[in-house]
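**Q** The following block contains the structure, expressed as structure tokens.
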Amino acid sequence: MSFFENIILAFQNLRANPLRSMLILIGMAVGIAAVLHVVVLGELTQQRINERLSQLGSNVLSIQPGYSWMHGVRTNAKAVSLKWSESNALAEQSPVIARTVPVYSGNGDAAFLDKNWATQITGTTPDYQEVNNESLIEGRFFSQTELEQRARVCVLGATVYEKLFKDESPIGKTILIKSKPFRVIGLLEAKGENWSNPDDQVFIPLTTAQERIFGVDHLSSILAQMRSAEDYDESLFDIETILRQNHRLQAKADNDFRVLRQDFFLAAIQETNKELAKFIIVIALVSLVVGGIGIANVMLISVTERTREIGIRRAIGAKKHQILFQFLTESIILGLLGGLLGISGGALFNHFYLGENAPLPVLWISYSFFICAGIGVLAGIYPAFRAAHRNVIDALRYE
Amino acid sequence: MKALTKTYKSGRIDVQALAEINLQIQKNEYVAIMGPSGSGKSTLMNILGCLDTPSTGQYFLGEKNIQSLSDNQLSEIRNQEIGFVFQSFNLLPRVSALKNVELPLTYLGLPPAERRKRAAEALDRVGLGDRKQHKPNELSGGQRQRIAIARALVTQPALILADEPTGNLDSKTGEDIMALIQKLHDQGNTVIIVTHEQYIAEHAARVIRLRDGHVESDLPIHKT
């Protein structure tokens with residue numbers, strides 16, 4: 001009896017009990033599909049994080065004002081306001097910081113004709129474009145001259161463009177920002193949504209933002225670009241020294257600002273993501289074990305039902321191991337079919353739920369077939385062994 | 001099959017199914033084993049068919065000492081040397097007549113084309129050449145038993161063992177089956193038939209009667 005014939009035989013036997021085979025396959029498939037979904041979800045998140053990382057440039061630090069603590073209560077007001085002069089001081093005094101970009105962001109409405117959109121107005125310097133890896137679809141970023149002139153020009157984030165314009169070019173159009181007219185000179189490429197939406201911003205010169213729009217003289221953050229990502233410790237030291245000096249902080253006092261490294265933040269998200277994936281995979285594995293037990297159960301029933309068949313086969317010359325393989329093949333095929341169903345089901349689910357570009361983890365899929373075959377073997381070995389070692393005479397008399 | 005001697009003492013603690021039976025059956029013989037239920041004829045049948053091994057004593061099939069063989073070797077003997085015909089046919093219900101007859105050849109390891117050819121020939125010999133693709137449950141009892149006989153024949157065994165082959169058939173069909181078995185014997189097969197019906201046993205050339213595990217009588221039948 002060849003291997004191939006065993007497979008055909010197994011299919012015939014599984015077809016003899018279609019409902020039972022189907023139910024047990026679904027049990028297996030759900031487990032496999034769940035694992036597939038988690039794996040793909042993890043890969044997608046990883047992809048997005050990687051994209052973000054490449055956009056950020058890993059050598060950019062963000063300095064933000066700390067909060068003031070009054071008798072253990074965080075007050076609303078920010079303890080210090082970072083100043084533009086400090087931003088310049090950092091770049092001048094620290095040898096490891098290549099350049100700094102002062103940023104002031106505030107909320108405000110942007111309007112074009114009859115459309116209005118509440119967004120974030122970000123005032124900054126021309127360096128922002130390079131430090132933050134922004135690329136333009138159309139037009140240009142504002143210039144140093146425009147910065148010095150407090151020009152009323154703006155560069156639109158992709159989301160703002162979508163909300164205010166329809167397919168037409170925004171360049172040269174005049175929009176209202178906080179009711180003041182601005183000329184649109186550039187449109188940024190979308191960065192894609194993540195935990196925040198970087199595309200939902202309008203960029204204007206920092207001078208314009210501070211003096212014409214918000215009437216402030218402080219910053220909401222400073223971006224500091226290190227010469228190299230390896231200078232992190234030194235940069236941090238310099239920033240702390242310079243800012244503490246500027247803010248006249250006592251030796252014992254805590255920093256009144258925070259330094260964030262954006263890729264660290266992403267790494268933390270990544271970690272959380274991994275932990276979550278582990279947890280879900282454990283659940284999925286449990287469902288696979290349940291699927292395996294289901295196969296074992298079906299095989300035991302099948303062996304009992306077919307006792308007489310076993311007796312006949314043995315009487316006309318089947319050897320024990322031939323019977324063993326017959327039943328083992330059947331349970332392996334059950335496992336593999338379950339896997340196949342699960343993977344196609346899972347892929348289909350991912351396609352609709354995660355979009356067409358959901359990746360197909362080929363390596364993982366090939367592993368999962370081994371896992372399914374393994375489950376088939378484990379689940380089938382005992383029933384098959386029982387079948388092979390049935391007493392022939394008793395089996396022949398079995399009703 | 002040249003000589004078959006066997007002595008058997010019961011292995012079970014209480015029941016002695018067969019007690020020191022000595023038999024010799026020659027090649028081409030047509031033997032009926034008779035006895036009331038509980039006489040040990042089924043046990044004897046199982047041992048003759050290599051489905052069971054004697055507790056003590058020896059059983060030679062041809063020149064092979066059955067007791068010295070492993071389970072795998074016994075499977076091979078059953079496959080190649082013995083053809084079984086059971087009272088309840090014991091066919092696989094879900095597969096065609098042809099596939100049923102092919103089954104022993106499958107375990108013999110023949111290629112599919114050769115198997116099909118020989119199975120078809122065997123079905124022709126029992127007169128079921130036109131029922132090859134029918135499944136057992138589409139056929140009458142007599143036809144099913146013919147399939148079983150074809151299956152027993154197909155490996156050209158040294159010995160055909162029939163256990164109450166007509167037990168589940170009406171007397172007319174039973175007669176047909178007995179005629180078929182007679183024909184097989186005439187063609188040179190060794191046949192052992194187990195029955196409790198006198199008129200069935202009378203088809204044989206020799207009748208061995210068992211009672212309480214002993215051979216009660218062993219007589220040739222002179223046909224008129």
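Naming scheme: A, B, ... for chains in displayed order of the structure tokens; residues 1 onward per chain; ligands 1 onward as shown.
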Counting only C-alpha atoms, which residues of chain B sit at most 7 Å from some atom of chain A, and what is each one's closest atom pair with its distance in Å to one decimal, listed by chain and rising residue number, as CSV?
**A**
residue,atom,partner,partner_atom,distance
B:Leu51,CA,A:Ile393,CA,6.6
B:Asn72,CA,A:Lys319,CA,5.6
B:Ser75,CA,A:Gly317,CA,4.5
B:Glu76,CA,A:Gly317,CA,5.7
B:Arg78,CA,A:Gly317,CA,5.2
B:Asn79,CA,A:Gly317,CA,4.0
B:Asn90,CA,A:Ile312,CA,6.4
B:Leu92,CA,A:Glu309,CA,6.4
B:Pro104,CA,A:Ile316,CA,5.7
B:Thr106,CA,A:Met1,CA,5.4
B:Tyr107,CA,A:Met1,CA,5.6
B:Gly109,CA,A:Met1,CA,5.9
**Q** What would the file look like if the residues just selected were written as an mmCIF file, in the first residue's frame with all heavy atoms?
**A**
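Result file is out_34.cif:
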data_model
loop_
_atom_site.group_PDB
_atom_site.id
_atom_site.type_symbol
_atom_site.label_atom_id
_atom_site.label_comp_id
_atom_site.auth_asym_id
_atom_site.auth_seq_id
_atom_site.Cartn_x
_atom_site.Cartn_y
_atom_site.Cartn_z
ATOM 1 N N LEU B 51 -5.136 -16.471 12.365
ATOM 2 C CA LEU B 51 -5.619 -15.289 13.067
ATOM 3 C C LEU B 51 -5.257 -15.391 14.540
ATOM 4 O O LEU B 51 -5.213 -14.418 15.264
ATOM 5 C CB LEU B 51 -7.144 -15.170 12.935
ATOM 6 C CG LEU B 51 -7.667 -14.845 11.538
ATOM 7 C CD1 LEU B 51 -9.178 -15.033 11.477
ATOM 8 C CD2 LEU B 51 -7.306 -13.421 11.165
ATOM 9 N N ASN B 72 4.006 -9.787 11.783
ATOM 10 C CA ASN B 72 4.101 -9.365 10.385
ATOM 11 C C ASN B 72 4.134 -10.556 9.437
ATOM 12 O O ASN B 72 3.503 -10.537 8.377
ATOM 13 C CB ASN B 72 5.366 -8.522 10.173
ATOM 14 C CG ASN B 72 5.111 -7.062 10.482
ATOM 15 O OD1 ASN B 72 3.968 -6.656 10.713
ATOM 16 N ND2 ASN B 72 6.176 -6.277 10.500
ATOM 17 N N SER B 75 0.784 -11.943 9.072
ATOM 18 C CA SER B 75 0.000 -11.124 8.151
ATOM 19 C C SER B 75 0.290 -11.523 6.707
ATOM 20 O O SER B 75 -0.612 -11.614 5.880
ATOM 21 C CB SER B 75 0.335 -9.635 8.334
ATOM 22 O OG SER B 75 -0.109 -9.191 9.590
ATOM 23 N N GLU B 76 1.566 -11.767 6.436
ATOM 24 C CA GLU B 76 1.937 -12.163 5.077
ATOM 25 C C GLU B 76 1.338 -13.525 4.713
ATOM 26 O O GLU B 76 0.869 -13.729 3.595
ATOM 27 C CB GLU B 76 3.468 -12.210 4.942
ATOM 28 C CG GLU B 76 4.053 -10.823 4.721
ATOM 29 C CD GLU B 76 5.571 -10.817 4.823
ATOM 30 O OE1 GLU B 76 6.199 -11.885 4.637
ATOM 31 O OE2 GLU B 76 6.125 -9.738 5.099
ATOM 32 N N ARG B 78 -1.415 -14.841 5.946
ATOM 33 C CA ARG B 78 -2.849 -14.637 5.720
ATOM 34 C C ARG B 78 -3.078 -14.016 4.359
ATOM 35 O O ARG B 78 -4.037 -14.321 3.653
ATOM 36 C CB ARG B 78 -3.431 -13.697 6.790
ATOM 37 C CG ARG B 78 -3.577 -14.303 8.147
ATOM 38 C CD ARG B 78 -4.580 -13.515 8.991
ATOM 39 N NE ARG B 78 -4.142 -12.151 9.263
ATOM 40 C CZ ARG B 78 -3.399 -11.803 10.312
ATOM 41 N NH1 ARG B 78 -3.018 -12.703 11.175
ATOM 42 N NH2 ARG B 78 -3.051 -10.537 10.484
ATOM 43 N N ASN B 79 -2.174 -13.142 4.005
ATOM 44 C CA ASN B 79 -2.322 -12.437 2.743
ATOM 45 C C ASN B 79 -2.120 -13.364 1.543
ATOM 46 O O ASN B 79 -2.881 -13.337 0.577
ATOM 47 C CB ASN B 79 -1.327 -11.275 2.709
ATOM 48 C CG ASN B 79 -1.524 -10.379 1.496
ATOM 49 O OD1 ASN B 79 -0.593 -10.103 0.783
ATOM 50 N ND2 ASN B 79 -2.760 -9.959 1.263
ATOM 51 N N ASN B 90 -18.068 -9.879 5.412
ATOM 52 C CA ASN B 90 -16.969 -8.982 5.783
ATOM 53 C C ASN B 90 -16.335 -8.263 4.588
ATOM 54 O O ASN B 90 -15.127 -8.316 4.367
ATOM 55 C CB ASN B 90 -15.887 -9.747 6.554
ATOM 56 C CG ASN B 90 -16.241 -9.865 8.022
ATOM 57 O OD1 ASN B 90 -17.021 -9.066 8.540
ATOM 58 N ND2 ASN B 90 -15.683 -10.853 8.676
ATOM 59 N N LEU B 92 -15.828 -4.442 2.688
ATOM 60 C CA LEU B 92 -15.848 -3.019 3.037
ATOM 61 C C LEU B 92 -17.054 -2.385 2.358
ATOM 62 O O LEU B 92 -17.174 -2.428 1.135
ATOM 63 C CB LEU B 92 -14.570 -2.314 2.568
ATOM 64 C CG LEU B 92 -13.277 -2.825 3.209
ATOM 65 C CD1 LEU B 92 -12.099 -1.987 2.741
ATOM 66 C CD2 LEU B 92 -13.360 -2.811 4.719
ATOM 67 N N PRO B 104 -6.609 -7.460 -0.936
ATOM 68 C CA PRO B 104 -5.453 -8.289 -0.547
ATOM 69 C C PRO B 104 -4.228 -8.021 -1.426
ATOM 70 O O PRO B 104 -3.104 -8.045 -0.936
ATOM 71 C CB PRO B 104 -5.955 -9.722 -0.744
ATOM 72 C CG PRO B 104 -7.397 -9.639 -0.953
ATOM 73 C CD PRO B 104 -7.759 -8.257 -1.333
ATOM 74 N N THR B 106 -3.481 -5.219 -2.725
ATOM 75 C CA THR B 106 -2.900 -3.959 -2.278
ATOM 76 C C THR B 106 -1.849 -4.218 -1.213
ATOM 77 O O THR B 106 -0.751 -3.679 -1.254
ATOM 78 C CB THR B 106 -4.000 -3.077 -1.676
ATOM 79 O OG1 THR B 106 -5.086 -3.046 -2.575
ATOM 80 C CG2 THR B 106 -3.504 -1.666 -1.457
ATOM 81 N N TYR B 107 -2.232 -5.075 -0.253
ATOM 82 C CA TYR B 107 -1.290 -5.354 0.834
ATOM 83 C C TYR B 107 -0.148 -6.241 0.363
ATOM 84 O O TYR B 107 0.897 -6.315 0.982
ATOM 85 C CB TYR B 107 -2.020 -5.960 2.030
ATOM 86 C CG TYR B 107 -2.885 -4.941 2.718
ATOM 87 C CD1 TYR B 107 -4.272 -5.050 2.737
ATOM 88 C CD2 TYR B 107 -2.310 -3.826 3.320
ATOM 89 C CE1 TYR B 107 -5.065 -4.095 3.340
ATOM 90 C CE2 TYR B 107 -3.085 -2.859 3.926
ATOM 91 C CZ TYR B 107 -4.464 -2.995 3.933
ATOM 92 O OH TYR B 107 -5.235 -2.033 4.533
ATOM 93 N N GLY B 109 1.297 -5.604 -2.348
ATOM 94 C CA GLY B 109 2.219 -4.627 -2.914
ATOM 95 C C GLY B 109 2.271 -4.637 -4.433
ATOM 96 O O GLY B 109 3.243 -4.198 -5.021
#
**Q** Report as a PyMOL selection string all protein, DNA and RNA residues lying within 12 Å of Cys50 (chain B), evaluated on only C-alpha atoms, omitting residues in the same chain fewer than 4 positions from it.
**A** (chain A and resi 314-317+392-393) or (chain B and resi 43-46+54+59-61+64-84+159+161)
**Q** Given the choices B:Ser171, B:Ser42, B:Gln143, B:Ser217, which gets closest to Leu91 (chain B) if the distance is worked out from only C-alpha atoms?
**A**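 Closest to Leu91 (chain B) of all the choices is B:Gln143.
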**Q** Using only C-alpha atoms, determine which residues lie at most 10 Å from region 173-184 of chain B, disregarding the query and same-chain residues fewer than 3 positions distant; provide the list as a PyMOL selection string.
**A** chain B and resi 30+125-127+140-143+145-146+149+153+160+162+165-170+187-191+193+199-201+203-204
**Q** Report, in Å to a single decimal, how far apart CA of Asn100 (chain B) and CA of Arg116 (chain B) are.
**A** 10.6 Å
**Q** Just want the 9 Å neighbourhood of Ala284 (chain A), counted on only C-alpha atoms, with same-chain residues fewer than 4 positions away dropped. Output as a PyMOL selection string.
**A** chain A and resi 30-35+38+279-280+288-289
**Q** Let's have the selection written as a CSV table (one decimal), in the first residue's frame, with N, CA, C and O atoms.
**A**
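Resulting contents of part29.csv:
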chain,number,residue,atom,x,y,z
A,30,VAL,N,-9.9,28.0,12.9
A,30,VAL,CA,-10.0,29.2,13.7
A,30,VAL,C,-8.7,29.5,14.4
A,30,VAL,O,-8.3,30.6,14.4
A,31,GLY,N,-8.1,28.5,15.0
A,31,GLY,CA,-6.9,28.7,15.7
A,31,GLY,C,-5.8,29.2,14.8
A,31,GLY,O,-5.2,30.2,15.0
A,32,ILE,N,-5.7,28.6,13.6
A,32,ILE,CA,-4.6,29.0,12.6
A,32,ILE,C,-4.9,30.4,12.1
A,32,ILE,O,-4.0,31.2,12.0
A,33,ALA,N,-6.2,30.7,11.8
A,33,ALA,CA,-6.5,32.0,11.3
A,33,ALA,C,-6.2,33.1,12.3
A,33,ALA,O,-5.7,34.1,12.0
A,34,ALA,N,-6.5,32.8,13.6
A,34,ALA,CA,-6.2,33.8,14.6
A,34,ALA,C,-4.7,34.1,14.7
A,34,ALA,O,-4.3,35.2,14.8
A,35,VAL,N,-3.9,33.0,14.6
A,35,VAL,CA,-2.5,33.2,14.7
A,35,VAL,C,-2.0,34.0,13.5
A,35,VAL,O,-1.3,35.0,13.6
A,38,VAL,N,-2.8,37.7,13.9
A,38,VAL,CA,-1.9,38.4,14.9
A,38,VAL,C,-0.6,38.6,14.3
A,38,VAL,O,0.0,39.7,14.4
A,279,PHE,N,0.8,37.6,23.9
A,279,PHE,CA,-0.3,37.2,24.7
A,279,PHE,C,-1.4,36.6,23.7
A,279,PHE,O,-2.0,35.5,24.0
A,280,ILE,N,-1.6,37.2,22.6
A,280,ILE,CA,-2.6,36.7,21.7
A,280,ILE,C,-2.2,35.4,21.1
A,280,ILE,O,-3.0,34.5,20.9
A,288,LEU,N,-5.4,26.0,19.2
A,288,LEU,CA,-4.8,25.0,18.3
A,288,LEU,C,-4.8,23.6,19.1
A,288,LEU,O,-5.1,22.6,18.6
A,289,VAL,N,-4.4,23.7,20.4
A,289,VAL,CA,-4.4,22.5,21.2
A,289,VAL,C,-5.8,21.9,21.3
A,289,VAL,O,-6.0,20.7,21.1
**Q** Return as a PyMOL selection string the full set of residues in region 69-122 of chain B whose backbone-based DSSP assignment is helix (DSSP H, G or I).
**A** chain B and resi 71-80+97-108+112-122
**Q** How far is it from CA of Ser87 (chain A) to CA of Thr122 (chain A), in Å with one decimal?
**A**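 Between CA of Ser87 (chain A) and CA of Thr122 (chain A) the gap works out to 16.3 Å.
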**Q** Using Å and a single decimal, report how far CA of Ser94 (chain A) sits from CA of Phe237 (chain A).
**A** 9.6 Å
**Q** If we count only C-alpha atoms, what is near Gly291 (chain A) at a cut-off of 8 Å, once residues fewer than 5 positions away on the same chain are taken out, given as a short mmCIF file (atom, residue, chain, number, x, y, z; two decimals) with N, CA and C atoms, in the first residue's frame?
**A**
data_model
loop_
_atom_site.label_atom_id
_atom_site.label_comp_id
_atom_site.auth_asym_id
_atom_site.auth_seq_id
_atom_site.Cartn_x
_atom_site.Cartn_y
_atom_site.Cartn_z
N ILE A 24 -14.60 19.60 12.64
CA ILE A 24 -13.30 19.52 13.29
C ILE A 24 -12.28 20.39 12.56
N LEU A 25 -12.44 20.48 11.24
CA LEU A 25 -11.56 21.34 10.47
C LEU A 25 -11.74 22.80 10.87
N GLY A 27 -12.65 23.94 13.72
CA GLY A 27 -11.97 24.14 15.00
C GLY A 27 -10.50 24.46 14.82
N MET A 28 -9.84 23.63 13.99
CA MET A 28 -8.42 23.85 13.71
C MET A 28 -8.22 25.20 13.03
N GLY A 31 -8.14 28.48 15.00
CA GLY A 31 -6.87 28.70 15.68
C GLY A 31 -5.81 29.23 14.75
#
**Q** Give the answer as one residue: which of A:Pro361, A:Gly355, A:Pro181, A:Gly374 has the shortest atom-to-atom distance to Ala111 (chain A), using only C-alpha atoms?
**A** A:Pro181
**Q** As a list in words, please: all residues of region 198-287 of chain A that backbone DSSP puts in strand (DSSP E).
**A**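 Answer for region 198-287 of chain A restricted to strand (DSSP E) is Gln201, Val202, Phe203, Ile204, Pro205, Ser221, Ile222, Leu223, Ala224, Gln225, Met226, Phe257, Arg258, Val259, Leu260 and Arg261 of chain A.
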**Q** Nearest to Gly49 (chain B) among B:Glu197, B:Asp186, B:Asp163, B:Asp212, with distances taken over only C-alpha atoms: which residue is it?
**A**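 When distances to Gly49 (chain B) are compared using only C-alpha atoms, the smallest one comes from B:Asp163.
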**Q** Skipping near chain neighbours, those fewer than 4 positions away, what residues fall within 9 Å of Ser37 (chain B) using only C-alpha atoms, listed as JSON, numbers by chain?
**A** {"B": [41, 42, 196, 211]}
**Q** List as number ranges by chain the protein and nucleic acid residues near Glu138 (chain B), meaning an atom at most 12 Å away when only C-alpha atoms are counted, but skip any in the same chain fewer than 4 places from it.
**A** B: 93-97, 131-134, 142-144
**Q** Write a file of the just-selected residues containing all heavy atoms, as a short mmCIF file (atom, residue, chain, number, x, y, z; two decimals), in the first residue's frame.
**A**
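The result, written out as selection-v7.cif:
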data_model
loop_
_atom_site.label_atom_id
_atom_site.label_comp_id
_atom_site.auth_asym_id
_atom_site.auth_seq_id
_atom_site.Cartn_x
_atom_site.Cartn_y
_atom_site.Cartn_z
N PRO B 93 -17.98 -1.83 3.13
CA PRO B 93 -19.26 -1.41 2.55
C PRO B 93 -19.17 -0.22 1.59
O PRO B 93 -19.98 -0.08 0.69
CB PRO B 93 -20.08 -1.01 3.78
CG PRO B 93 -19.09 -0.75 4.85
CD PRO B 93 -17.91 -1.61 4.56
N ARG B 94 -18.16 0.64 1.79
CA ARG B 94 -18.15 1.88 1.03
C ARG B 94 -17.41 1.81 -0.29
O ARG B 94 -17.41 2.76 -1.05
CB ARG B 94 -17.55 3.01 1.88
CG ARG B 94 -18.46 3.49 2.97
CD ARG B 94 -18.02 4.85 3.44
NE ARG B 94 -16.63 4.83 3.87
CZ ARG B 94 -16.24 4.58 5.12
NH1 ARG B 94 -17.14 4.35 6.04
NH2 ARG B 94 -14.97 4.57 5.44
N VAL B 95 -16.75 0.68 -0.55
CA VAL B 95 -15.97 0.61 -1.79
C VAL B 95 -16.55 -0.43 -2.73
O VAL B 95 -17.29 -1.33 -2.32
CB VAL B 95 -14.47 0.34 -1.51
CG1 VAL B 95 -13.88 1.42 -0.65
CG2 VAL B 95 -14.28 -1.01 -0.88
N SER B 96 -16.24 -0.29 -4.01
CA SER B 96 -16.82 -1.13 -5.04
C SER B 96 -16.35 -2.58 -4.90
O SER B 96 -15.39 -2.88 -4.20
CB SER B 96 -16.41 -0.60 -6.41
OG SER B 96 -15.03 -0.82 -6.60
N ALA B 97 -17.07 -3.45 -5.58
CA ALA B 97 -16.73 -4.88 -5.58
C ALA B 97 -15.28 -5.06 -6.03
O ALA B 97 -14.51 -5.80 -5.41
CB ALA B 97 -17.67 -5.62 -6.53
N ARG B 131 -20.60 -6.78 -12.40
CA ARG B 131 -20.98 -6.04 -11.18
C ARG B 131 -19.77 -5.39 -10.51
O ARG B 131 -19.79 -5.10 -9.33
CB ARG B 131 -21.63 -7.01 -10.15
CG ARG B 131 -22.93 -7.60 -10.58
CD ARG B 131 -24.07 -6.62 -10.37
NE ARG B 131 -25.36 -7.25 -10.49
CZ ARG B 131 -25.98 -7.47 -11.65
NH1 ARG B 131 -25.38 -7.14 -12.78
NH2 ARG B 131 -27.16 -8.04 -11.67
N LYS B 132 -18.75 -5.15 -11.30
CA LYS B 132 -17.47 -4.73 -10.71
C LYS B 132 -17.57 -3.42 -9.94
O LYS B 132 -16.93 -3.22 -8.92
CB LYS B 132 -16.40 -4.57 -11.82
CG LYS B 132 -15.97 -5.87 -12.43
CD LYS B 132 -14.79 -5.65 -13.35
CE LYS B 132 -14.38 -6.91 -14.07
NZ LYS B 132 -15.28 -7.25 -15.20
N GLN B 133 -18.36 -2.47 -10.46
CA GLN B 133 -18.38 -1.15 -9.84
C GLN B 133 -19.48 -1.00 -8.80
O GLN B 133 -19.65 0.06 -8.22
CB GLN B 133 -18.52 -0.06 -10.92
CG GLN B 133 -17.35 0.02 -11.88
CD GLN B 133 -15.99 0.11 -11.18
OE1 GLN B 133 -15.86 0.69 -10.11
NE2 GLN B 133 -14.97 -0.50 -11.77
N HIS B 134 -20.24 -2.08 -8.58
CA HIS B 134 -21.31 -1.99 -7.57
C HIS B 134 -20.72 -2.07 -6.18
O HIS B 134 -19.73 -2.74 -5.95
CB HIS B 134 -22.31 -3.14 -7.76
CG HIS B 134 -23.18 -2.94 -8.96
ND1 HIS B 134 -22.68 -2.93 -10.24
CD2 HIS B 134 -24.53 -2.77 -9.07
CE1 HIS B 134 -23.68 -2.75 -11.10
NE2 HIS B 134 -24.81 -2.63 -10.42
N GLY B 142 -26.11 -13.33 -1.91
CA GLY B 142 -25.35 -14.31 -2.68
C GLY B 142 -24.24 -13.64 -3.48
O GLY B 142 -23.11 -14.15 -3.55
N GLN B 143 -24.59 -12.49 -4.04
CA GLN B 143 -23.58 -11.77 -4.82
C GLN B 143 -22.45 -11.27 -3.92
O GLN B 143 -21.28 -11.31 -4.29
CB GLN B 143 -24.24 -10.59 -5.55
CG GLN B 143 -25.06 -11.05 -6.72
CD GLN B 143 -25.96 -9.95 -7.27
OE1 GLN B 143 -26.46 -9.12 -6.51
NE2 GLN B 143 -26.16 -9.95 -8.57
N ARG B 144 -22.83 -10.85 -2.71
CA ARG B 144 -21.80 -10.39 -1.78
C ARG B 144 -20.85 -11.53 -1.42
O ARG B 144 -19.65 -11.34 -1.38
CB ARG B 144 -22.44 -9.88 -0.48
CG ARG B 144 -23.13 -8.56 -0.66
CD ARG B 144 -23.65 -8.06 0.68
NE ARG B 144 -24.88 -7.32 0.47
CZ ARG B 144 -25.54 -6.69 1.43
NH1 ARG B 144 -25.08 -6.74 2.67
NH2 ARG B 144 -26.64 -6.03 1.17
#
